[in-house]
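Undergrad: What follows is structure_36.tsv; its format and atoms are TSV, C-alpha atoms.
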```tsv
chain	number	residue	atom	x	y	z
A	1	MET	CA	-17.85	2.52	22.86
A	2	ILE	CA	-20.35	1.67	20.10
A	3	ARG	CA	-17.54	1.93	17.56
A	4	ARG	CA	-15.39	-0.49	19.57
A	5	LEU	CA	-18.28	-2.97	19.87
A	6	LEU	CA	-18.87	-2.75	16.13
A	7	GLY	CA	-15.13	-3.27	15.61
A	8	ILE	CA	-15.20	-6.40	17.79
A	9	LEU	CA	-18.22	-7.70	15.88
A	10	VAL	CA	-16.71	-7.13	12.43
A	11	CYS	CA	-13.28	-8.49	13.45
A	12	SER	CA	-14.69	-11.56	15.25
A	13	ALA	CA	-16.52	-12.58	12.09
A	14	ALA	CA	-13.43	-11.93	9.96
A	15	VAL	CA	-11.02	-14.09	11.99
A	16	LEU	CA	-13.29	-17.09	11.54
A	17	LEU	CA	-13.45	-16.80	7.75
A	18	PRO	CA	-11.27	-18.76	5.35
A	19	TRP	CA	-9.19	-17.10	2.63
A	20	ARG	CA	-11.64	-16.41	-0.21
A	21	LEU	CA	-14.57	-15.64	2.06
A	22	ARG	CA	-12.46	-13.13	3.97
A	23	CYS	CA	-11.55	-11.42	0.69
A	24	LEU	CA	-15.24	-11.23	-0.25
A	25	TYR	CA	-16.14	-10.02	3.25
A	26	SER	CA	-13.63	-7.14	2.95
A	27	GLU	CA	-14.96	-6.31	-0.52
A	28	ALA	CA	-18.51	-6.19	0.84
A	29	LEU	CA	-17.43	-3.93	3.71
A	30	GLY	CA	-15.59	-1.70	1.22
A	31	TRP	CA	-18.55	-1.33	-1.13
A	32	THR	CA	-20.91	-0.69	1.80
A	33	ALA	CA	-18.61	2.07	3.10
A	34	GLN	CA	-18.39	3.56	-0.42
A	35	PHE	CA	-22.18	3.51	-0.76
A	36	VAL	CA	-22.78	5.14	2.64
A	37	TYR	CA	-20.12	7.77	1.88
A	38	TYR	CA	-21.62	8.49	-1.55
A	39	VAL	CA	-25.19	8.88	-0.24
A	40	TYR	CA	-24.04	11.06	2.67
A	41	PHE	CA	-21.95	13.20	0.31
A	42	ARG	CA	-24.76	13.62	-2.22
A	43	ILE	CA	-27.35	14.56	0.42
A	44	LEU	CA	-25.02	17.07	2.08
A	45	SER	CA	-24.01	18.55	-1.26
A	46	PHE	CA	-27.68	18.93	-2.26
A	47	ILE	CA	-28.58	20.59	1.06
A	48	LEU	CA	-25.65	23.03	0.74
A	49	LYS	CA	-26.70	23.92	-2.79
A	50	GLU	CA	-30.30	24.59	-1.74
A	51	VAL	CA	-29.36	26.54	1.39
A	52	SER	CA	-26.91	28.74	-0.51
A	53	GLY	CA	-29.73	29.85	-2.83
A	54	ASN	CA	-28.18	28.37	-5.95
A	55	GLY	CA	-30.99	25.83	-6.37
A	56	LYS	CA	-33.30	26.52	-9.29
A	57	ASN	CA	-36.56	25.89	-7.39
A	58	ASN	CA	-35.83	27.60	-4.13
A	59	GLY	CA	-39.00	29.63	-4.17
B	1	MET	CA	32.60	6.57	-16.62
B	2	ASP	CA	29.21	5.07	-15.79
B	3	ASP	CA	29.21	4.32	-12.07
B	4	LYS	CA	25.62	3.03	-12.01
B	5	LYS	CA	24.98	-0.29	-10.28
B	6	THR	CA	23.53	-2.89	-12.56
B	7	ARG	CA	20.05	-3.99	-11.57
B	8	ALA	CA	17.43	-3.46	-8.86
B	9	ALA	CA	13.83	-4.50	-8.32
B	10	VAL	CA	11.04	-2.14	-7.25
B	11	LEU	CA	7.82	-3.19	-5.54
B	12	TYR	CA	5.67	-1.20	-7.87
B	13	SER	CA	1.97	-0.46	-7.37
B	14	GLY	CA	1.92	2.40	-9.88
B	15	GLY	CA	1.04	5.01	-7.23
B	16	THR	CA	3.02	8.17	-6.56
B	17	ASP	CA	5.29	6.70	-3.88
B	18	SER	CA	6.43	3.64	-5.81
B	19	THR	CA	6.75	5.67	-9.04
B	20	LEU	CA	9.04	8.10	-7.24
B	21	ALA	CA	10.96	5.17	-5.74
B	22	ALA	CA	11.50	3.82	-9.28
B	23	ALA	CA	12.50	7.27	-10.56
B	24	LEU	CA	15.03	7.81	-7.76
B	25	ALA	CA	16.41	4.27	-8.07
B	26	SER	CA	16.94	4.81	-11.80
B	27	LEU	CA	19.55	7.45	-10.89
B	28	SER	CA	21.69	4.72	-9.28
B	29	TYR	CA	20.76	1.58	-11.22
B	30	GLY	CA	20.96	0.88	-14.95
B	31	ARG	CA	18.13	-1.61	-15.06
B	32	LEU	CA	14.97	-1.68	-12.95
B	33	ASP	CA	12.54	-4.57	-12.68
B	34	LEU	CA	9.18	-3.11	-11.65
B	35	LEU	CA	7.20	-5.82	-9.85
B	36	THR	CA	3.45	-5.56	-9.43
B	37	PHE	CA	1.64	-8.27	-7.50
B	38	ARG	CA	-1.92	-9.48	-7.79
B	39	TRP	CA	-4.08	-11.65	-5.58
B	40	CYS	CA	-7.81	-12.09	-5.08
B	41	GLY	CA	-8.09	-8.92	-3.00
B	42	LEU	CA	-6.49	-6.62	-5.57
B	43	HIS	CA	-8.24	-5.50	-8.74
B	44	ASN	CA	-7.18	-3.58	-11.87
B	45	THR	CA	-3.49	-4.40	-11.43
B	46	ALA	CA	-3.01	-3.54	-15.13
B	47	ASN	CA	-3.42	0.13	-14.09
B	48	SER	CA	0.07	-0.02	-12.61
B	49	GLY	CA	1.55	0.28	-16.13
B	50	HIS	CA	0.14	3.81	-16.55
B	51	ASN	CA	3.29	5.74	-15.59
B	52	ILE	CA	5.94	3.41	-16.98
B	53	SER	CA	6.14	5.09	-20.39
B	54	ARG	CA	6.61	8.43	-18.60
B	55	LEU	CA	9.45	6.92	-16.55
B	56	ARG	CA	11.06	5.56	-19.74
B	57	ASP	CA	10.75	8.96	-21.45
B	58	ARG	CA	12.11	10.86	-18.48
B	59	PHE	CA	15.01	8.47	-17.69
B	60	PRO	CA	16.18	7.13	-21.07
B	61	SER	CA	19.52	5.93	-19.64
B	62	ALA	CA	17.77	3.37	-17.43
B	63	GLU	CA	15.97	0.26	-18.63
B	64	PHE	CA	12.55	-0.43	-17.10
B	65	SER	CA	10.81	-3.79	-17.30
B	66	HIS	CA	7.42	-4.50	-15.73
B	67	SER	CA	6.06	-7.82	-14.49
B	68	VAL	CA	2.74	-8.66	-12.86
B	69	ILE	CA	3.11	-11.66	-10.58
B	70	GLY	CA	0.31	-13.66	-8.95
B	71	ILE	CA	0.76	-14.30	-5.24
B	72	ASP	CA	-2.57	-15.89	-4.26
B	73	ARG	CA	-1.08	-19.14	-2.97
B	74	LEU	CA	1.80	-17.40	-1.21
B	75	ALA	CA	-0.42	-14.72	0.38
B	76	LYS	CA	-2.81	-17.38	1.66
B	77	HIS	CA	0.17	-19.12	3.30
B	78	VAL	CA	1.49	-15.85	4.77
B	79	PHE	CA	-1.93	-14.99	6.20
B	80	TYR	CA	-2.78	-18.42	7.60
B	81	GLU	CA	0.45	-20.24	8.54
B	82	ARG	CA	0.37	-21.20	12.25
B	83	TYR	CA	-2.89	-19.24	12.42
B	84	LEU	CA	-4.03	-20.43	15.85
B	85	HIS	CA	-0.63	-19.63	17.36
B	86	TYR	CA	-0.76	-16.04	16.07
B	87	LEU	CA	-4.43	-15.65	16.98
B	88	ARG	CA	-3.71	-16.79	20.55
B	89	HIS	CA	-0.68	-14.50	20.99
B	90	TYR	CA	-1.67	-11.43	18.97
B	91	GLY	CA	-5.47	-11.57	18.68
B	92	PHE	CA	-6.94	-9.47	15.90
B	93	PHE	CA	-3.46	-8.57	14.62
B	94	VAL	CA	-3.98	-11.52	12.28
B	95	LEU	CA	-6.36	-9.12	10.52
B	96	SER	CA	-3.66	-6.55	9.75
B	97	VAL	CA	-4.28	-7.36	6.10
B	98	CYS	CA	-2.15	-4.56	4.65
B	99	GLY	CA	1.00	-5.66	6.44
B	100	LEU	CA	0.50	-9.34	5.62
B	101	CYS	CA	-0.23	-8.50	1.98
B	102	LYS	CA	2.98	-6.44	1.80
B	103	LEU	CA	4.96	-9.21	3.50
B	104	SER	CA	3.70	-11.66	0.84
B	105	MET	CA	4.91	-9.21	-1.82
B	106	HIS	CA	8.31	-8.89	-0.14
B	107	VAL	CA	8.71	-12.67	0.10
B	108	ARG	CA	7.83	-13.09	-3.60
B	109	ALA	CA	10.08	-10.16	-4.54
B	110	ALA	CA	12.99	-11.73	-2.61
B	111	ILE	CA	12.46	-14.95	-4.58
B	112	TYR	CA	12.41	-12.96	-7.83
B	113	CYS	CA	15.67	-11.26	-6.84
B	114	MET	CA	17.34	-14.58	-6.00
B	115	ASP	CA	16.15	-16.17	-9.25
B	116	ASN	CA	17.42	-13.24	-11.32
B	117	GLY	CA	20.62	-12.37	-9.46
B	118	ILE	CA	19.35	-8.95	-8.34
B	119	SER	CA	21.12	-7.43	-5.34
B	120	GLY	CA	19.01	-4.32	-4.66
B	121	ILE	CA	15.33	-3.77	-3.99
B	122	CYS	CA	13.24	-0.79	-2.97
B	123	ASP	CA	9.63	0.25	-2.53
B	124	GLY	CA	7.58	3.37	-1.87
B	125	ALA	CA	7.36	2.99	1.93
B	126	SER	CA	6.69	6.39	3.43
B	127	LYS	CA	6.79	7.67	7.01
B	128	GLY	CA	3.39	9.35	6.70
B	129	MET	CA	1.49	6.07	6.56
B	130	ASP	CA	2.26	5.03	10.11
B	131	LEU	CA	-0.78	2.80	10.61
B	132	PHE	CA	0.42	0.46	7.86
B	133	PRO	CA	2.80	-2.16	9.29
B	134	ALA	CA	5.20	-2.35	6.33
B	135	GLN	CA	5.71	1.42	6.52
B	136	MET	CA	6.65	1.44	10.22
B	137	ARG	CA	10.33	1.87	10.93
B	138	PRO	CA	10.74	-1.24	13.18
B	139	VAL	CA	9.09	-3.46	10.55
B	140	ILE	CA	11.23	-1.93	7.80
B	141	GLU	CA	14.32	-2.76	9.88
B	142	GLU	CA	13.16	-6.40	10.15
B	143	LEU	CA	12.63	-6.49	6.37
B	144	LYS	CA	16.13	-5.09	5.83
B	145	LYS	CA	17.52	-7.88	8.04
B	146	MET	CA	15.55	-10.47	6.05
B	147	TYR	CA	16.88	-9.20	2.72
B	148	GLY	CA	20.37	-8.75	4.20
B	149	LYS	CA	20.56	-12.46	5.08
B	150	LEU	CA	19.79	-13.22	1.43
B	151	GLY	CA	22.52	-10.86	0.19
B	152	ILE	CA	20.01	-8.27	-1.05
B	153	GLU	CA	20.02	-4.60	-0.07
B	154	TYR	CA	16.55	-3.21	0.72
B	155	PHE	CA	16.23	0.57	0.62
B	156	THR	CA	13.33	3.01	0.94
B	157	PRO	CA	14.17	6.13	-1.09
B	158	VAL	CA	10.80	7.83	-0.49
B	159	TYR	CA	10.62	7.30	3.27
B	160	GLU	CA	11.50	10.85	4.31
B	161	TYR	CA	9.11	12.58	1.90
B	162	ASP	CA	6.07	14.22	3.48
B	163	SER	CA	2.59	12.82	2.99
B	164	PRO	CA	0.24	14.95	0.91
B	165	ASN	CA	-2.64	16.65	2.68
B	166	ASN	CA	-5.40	14.19	1.96
B	167	PRO	CA	-8.53	16.05	0.94
B	168	GLU	CA	-10.93	15.90	3.86
B	169	PHE	CA	-14.62	15.17	3.44
B	170	ILE	CA	-15.35	18.88	3.85
B	171	ASP	CA	-12.90	19.71	1.02
B	172	ARG	CA	-14.68	17.34	-1.33
B	173	LEU	CA	-17.86	19.39	-0.91
B	174	HIS	CA	-16.05	22.32	-2.57
B	175	LEU	CA	-17.34	24.92	-0.13
B	176	GLU	CA	-15.32	27.58	-1.96
B	177	ARG	CA	-18.21	27.62	-4.49
B	178	PHE	CA	-20.31	29.38	-1.85
B	179	THR	CA	-17.69	31.80	-0.56
B	180	ASP	CA	-15.26	34.37	-1.93
B	181	LYS	CA	-12.29	32.16	-1.08
B	182	GLY	CA	-10.29	30.83	-4.00
B	183	ALA	CA	-10.06	27.25	-5.10
B	184	ALA	CA	-6.46	27.06	-3.80
B	185	ASP	CA	-7.83	26.49	-0.32
B	186	ALA	CA	-9.74	23.44	-1.45
B	187	ALA	CA	-8.78	19.81	-1.97
B	188	GLY	CA	-5.83	19.57	0.30
B	189	GLY	CA	-3.94	22.70	-0.75
B	190	PRO	CA	-0.18	22.88	-1.08
B	191	ALA	CA	1.67	20.20	0.82
B	192	GLY	CA	5.42	20.82	0.50
B	193	ASN	CA	8.04	18.14	-0.02
B	194	THR	CA	5.82	15.23	-1.07
B	195	ALA	CA	6.35	12.41	-3.56
B	196	GLY	CA	3.75	14.12	-5.78
B	197	ASP	CA	5.70	17.41	-5.67
B	198	LYS	CA	8.90	15.64	-6.66
B	199	LEU	CA	7.23	13.74	-9.53
B	200	TYR	CA	5.68	17.00	-10.76
B	201	GLU	CA	9.09	18.65	-10.55
B	202	MET	CA	10.59	15.75	-12.55
B	203	GLY	CA	7.89	16.18	-15.20
B	204	ILE	CA	6.34	12.77	-14.60
B	205	LEU	CA	2.99	13.89	-13.14
B	206	PRO	CA	0.80	16.71	-14.51
B	207	GLU	CA	-0.25	17.87	-10.98
B	208	LYS	CA	1.41	18.05	-7.59
B	209	ASN	CA	-1.21	16.28	-5.48
B	210	VAL	CA	-2.97	13.51	-7.37
B	211	LYS	CA	-3.94	11.44	-4.30
B	212	GLY	CA	-7.63	10.61	-4.43
B	213	THR	CA	-8.10	12.04	-7.95
B	214	ALA	CA	-9.36	10.26	-11.07
B	215	LEU	CA	-5.75	10.10	-12.33
B	216	ASP	CA	-4.69	8.38	-9.11
B	217	ARG	CA	-7.40	5.76	-9.63
B	218	LYS	CA	-6.18	5.17	-13.20
B	219	MET	CA	-2.59	4.70	-12.00
B	220	GLN	CA	-2.94	1.91	-9.49
B	221	SER	CA	-4.85	-1.19	-8.44
B	222	ARG	CA	-8.06	-0.99	-6.48
B	223	CYS	CA	-8.11	-2.63	-3.08
B	224	PHE	CA	-10.81	-2.84	-0.44
B	225	GLN	CA	-8.92	-5.30	1.78
B	226	PHE	CA	-7.49	-2.38	3.75
B	227	ILE	CA	-10.92	-1.72	5.22
B	228	LEU	CA	-10.59	-4.72	7.54
B	229	HIS	CA	-7.21	-3.45	8.72
B	230	ASN	CA	-8.67	0.03	9.25
B	231	ILE	CA	-11.64	-1.29	11.25
B	232	PHE	CA	-9.31	-3.40	13.40
B	233	VAL	CA	-6.97	-0.45	14.09
B	234	ARG	CA	-9.33	2.52	14.22
B	235	TRP	CA	-12.48	0.97	15.70
B	236	TYR	CA	-11.15	-1.85	17.85
B	237	TYR	CA	-7.52	-1.28	18.84
B	238	LEU	CA	-6.73	2.43	19.09
B	239	PRO	CA	-9.84	3.54	21.02
B	240	GLY	CA	-8.60	1.44	23.96
B	241	ARG	CA	-4.82	1.72	23.61
B	242	THR	CA	-2.03	4.08	22.55
B	243	TYR	CA	-0.25	4.29	19.20
B	244	GLY	CA	2.98	3.25	20.99
B	245	GLU	CA	1.38	-0.02	22.10
B	246	PHE	CA	0.07	-0.57	18.58
B	247	GLU	CA	3.52	-0.03	17.08
B	248	GLN	CA	5.19	-2.27	19.66
B	249	THR	CA	2.80	-5.21	19.17
B	250	THR	CA	2.87	-4.78	15.39
B	251	ALA	CA	6.68	-4.87	15.45
B	252	LYS	CA	6.66	-8.02	17.58
B	253	PHE	CA	4.06	-9.74	15.41
B	254	TYR	CA	5.91	-8.94	12.19
B	255	ALA	CA	9.33	-9.77	13.62
B	256	GLU	CA	8.01	-13.28	14.29
B	257	LYS	CA	6.34	-13.57	10.87
B	258	ILE	CA	9.37	-12.19	9.01
B	259	GLY	CA	11.67	-14.48	11.02
B	260	ALA	CA	9.63	-17.52	9.92
B	261	PHE	CA	9.78	-16.49	6.26
B	262	THR	CA	13.48	-15.61	6.44
B	263	GLY	CA	14.07	-19.27	7.36
B	264	LEU	CA	12.02	-20.44	4.37
B	265	LEU	CA	13.79	-17.99	2.02
B	266	LEU	CA	17.21	-19.18	3.20
B	267	GLU	CA	16.04	-22.73	2.53
B	268	TYR	CA	14.96	-21.59	-0.97
B	269	LYS	CA	18.35	-19.99	-1.55
B	270	LYS	CA	20.19	-23.09	-0.43
B	271	ASN	CA	18.10	-25.69	-2.27
B	272	GLY	CA	16.66	-23.64	-5.11
B	273	GLY	CA	13.21	-24.55	-3.83
B	274	GLY	CA	12.33	-26.07	-0.48
B	275	ARG	CA	8.98	-25.60	1.23
B	276	LEU	CA	8.26	-22.26	-0.47
B	277	LYS	CA	8.41	-23.67	-3.99
B	278	LYS	CA	4.81	-24.93	-4.04
B	279	PHE	CA	3.50	-21.41	-3.32
B	280	ILE	CA	5.31	-19.70	-6.17
B	281	GLN	CA	3.36	-18.62	-9.23
B	282	PRO	CA	5.25	-17.41	-12.31
B	283	ALA	CA	5.03	-13.85	-13.67
B	284	ASP	CA	2.25	-13.20	-16.23
```
Using structure tokens, write down the structure that the file contains.
TA:
Amino acid sequence: MIRRLLGILVCSAAVLLPWRLRCLYSEALGWTAQFVYYVYFRILSFILKEVSGNGKNNG
Amino acid sequence: MDDKKTRAAVLYSGGTDSTLAAALASLSYGRLDLLTFRWCGLHNTANSGHNISRLRDRFPSAEFSHSVIGIDRLAKHVFYERYLHYLRHYGFFVLSVCGLCKLSMHVRAAIYCMDNGISGICDGASKGMDLFPAQMRPVIEELKKMYGKLGIEYFTPVYEYDSPNNPEFIDRLHLERFTDKGAADAAGGPAGNTAGDKLYEMGILPEKNVKGTALDRKMQSRCFQFILHNIFVRWYYLPGRTYGEFEQTTAKFYAEKIGAFTGLLLEYKKNGGGRLKKFIQPAD
């Protein structure tokens, strides 16, 4: 439900935008998604490394 | 006796599917015009040239030429012509960026074919990418009709190949580092009869599954426009409706769009210009 509401919000803004602004809007959404993915991936990877006992300072 | 047909165009992004399409077409055609398109939403289009020397080495009997063609003006027209009409009838389908982008490429490619007397055209459309309008069978049929009216044969040599197993998020974490399982289980694993497999078999690619790898990024343009299409489909449309409804409405939307552009292309063919002329940018 939240996902659909977010979808409506993002799409409603996009249909109102002219050509160049819509391109920039998609770029911004793309970079945001990349950033969130990267941070999530790094944090999870770090946690896995520490939990598995491969971390150097795992006491 | 050489029974090869003379010349065909390929909508060429540089990725595995369009590279395989070019490789397979080179078995039937003596000359191939690889067409890459750029507009404000696509970056690094020069990457598409990465595999062309490999194609030339592997298929010396065929001639490959590569052109990068700007389609900003045309794409803007494809996206926004009769905008309120489409918005009223199809809602957020006007945001199916990937399909509209591909339609712009097809329209420009049809013009290129007419200008250069080319009677065959293909691309890397594949059945595995069923959320992308230009890769759906009903839309492909409409495109074939459009090209057919212009005296051009449109074919999709890669359509029946399987999609590679895209590495899932969990694969990218390389969990095999923490277990006794081998690396073969990671990053997608073996996939079967994919475009990547075939290119590897032909000696064009160094690995079977390059999707999502650094090599893949070096081979083709970067595009974030698809994110809007994905949000529309995955967040807005599909949570409330079925895939069948999505395919049906997409087919209807694109049949109308393609019909409108078929008319303009026929006008171009008849007059050598017409209303489309002002949207055409020359190749780089």
Undergrad: With the cut-off set at 6 Å and counting all atoms listed in the file, tabulate each residue of chain A with an atom at most that distance from an atom of chain B, showing the nearest atom pair and its distance in Å to one decimal, ordered by chain and increasing number, as CSV.
TA:
```
residue,atom,partner,partner_atom,distance
A:Arg3,CA,B:Trp235,CA,5.5
A:Arg4,CA,B:Tyr236,CA,4.8
A:Gly7,CA,B:Tyr236,CA,4.8
A:Cys23,CA,B:Gly41,CA,5.6
A:Ser26,CA,B:Gln225,CA,5.2
A:Glu27,CA,B:Phe224,CA,5.4
A:Gly30,CA,B:Phe224,CA,5.2
```
Undergrad: Residues near Ser119 (chain B), anyone? I mean within 10 Å using all atoms listed in the file, not counting same-chain ones fewer than 4 positions away, as a ChimeraX atom specification.
TA: /B:5-9,110,113-114,147-148,150-154
Undergrad: I'd like the interatomic distance between CA of Gly30 (chain B) and CA of Phe64 (chain B), to a tenth of an Å.
TA: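 Computed distance, CA of Gly30 (chain B) to CA of Phe64 (chain B), equals 8.8 Å.
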Undergrad: May I ask for the distance between CA of Tyr12 (chain B) and CA of Gly70 (chain B), given in Å to one decimal place?
TA: 13.6 Å
Undergrad: Measuring atom to atom with only C-alpha atoms, identify which of B:Ala25, B:Tyr268, B:Asp284, B:Gly259 is nearest to Asp115 (chain B).
TA: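 Closest to Asp115 (chain B) of all the choices is B:Tyr268.
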Undergrad: Write out as AutoDock Vina command-line options an axis-aligned box for region 26-41 of chain A: all of its atoms listed in the file, 6 Å added on each side, centre and edge lengths in Å with one decimal.
TA:
```
--center_x -19.4 --center_y 3.0 --center_z 1.1 --size_x 23.6 --size_y 32.3 --size_z 17.3
```
Undergrad: Go through B:Val139, B:Ala195, B:Leu35, B:Leu55 and flag the residue nearest Ser163 (chain B), using only C-alpha atoms for the distances.
TA: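 Between B:Val139, B:Ala195, B:Leu35, B:Leu55, the residue approaching Ser163 (chain B) most closely is B:Ala195.
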Undergrad: Please return as a PyMOL selection string every residue within 9 Å of (-11.0, -17.5, 15.2), taking into account all atoms listed in the file and the file's own coordinates.
TA: (chain A and resi 12-17) or (chain B and resi 83-84+87+91)
Undergrad: Quick one: pull the distance between CA of Lys218 (chain B) and CA of Ser26 (chain B), Å, one decimal.
TA: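 For CA of Lys218 (chain B) relative to CA of Ser26 (chain B), the distance reads 23.2 Å.
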Undergrad: Can you pull out every residue within 8 Å of Leu11 (chain B), counting all atoms listed in the file, but drop anything in the same chain fewer than 6 positions away, and send it as a list in words?
TA: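 Within the cut-off, the hits are Ser18, Leu34, Leu35, Thr36, Met105, His106, Ala109, Ile121, Cys122, Asp123 and Gly124 of chain B.
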Undergrad: Restricting the output to C-alpha atoms, write the selected residues as a short mmCIF file (atom, residue, chain, number, x, y, z; two decimals), keeping the file's coordinate frame.
TA:
```
data_model
loop_
_atom_site.label_atom_id
_atom_site.label_comp_id
_atom_site.auth_asym_id
_atom_site.auth_seq_id
_atom_site.Cartn_x
_atom_site.Cartn_y
_atom_site.Cartn_z
CA SER B 18 6.43 3.64 -5.81
CA LEU B 34 9.18 -3.11 -11.65
CA LEU B 35 7.20 -5.82 -9.85
CA THR B 36 3.45 -5.56 -9.43
CA MET B 105 4.91 -9.21 -1.82
CA HIS B 106 8.31 -8.89 -0.14
CA ALA B 109 10.08 -10.16 -4.54
CA ILE B 121 15.33 -3.77 -3.99
CA CYS B 122 13.24 -0.79 -2.97
CA ASP B 123 9.63 0.25 -2.53
CA GLY B 124 7.58 3.37 -1.87
#
```
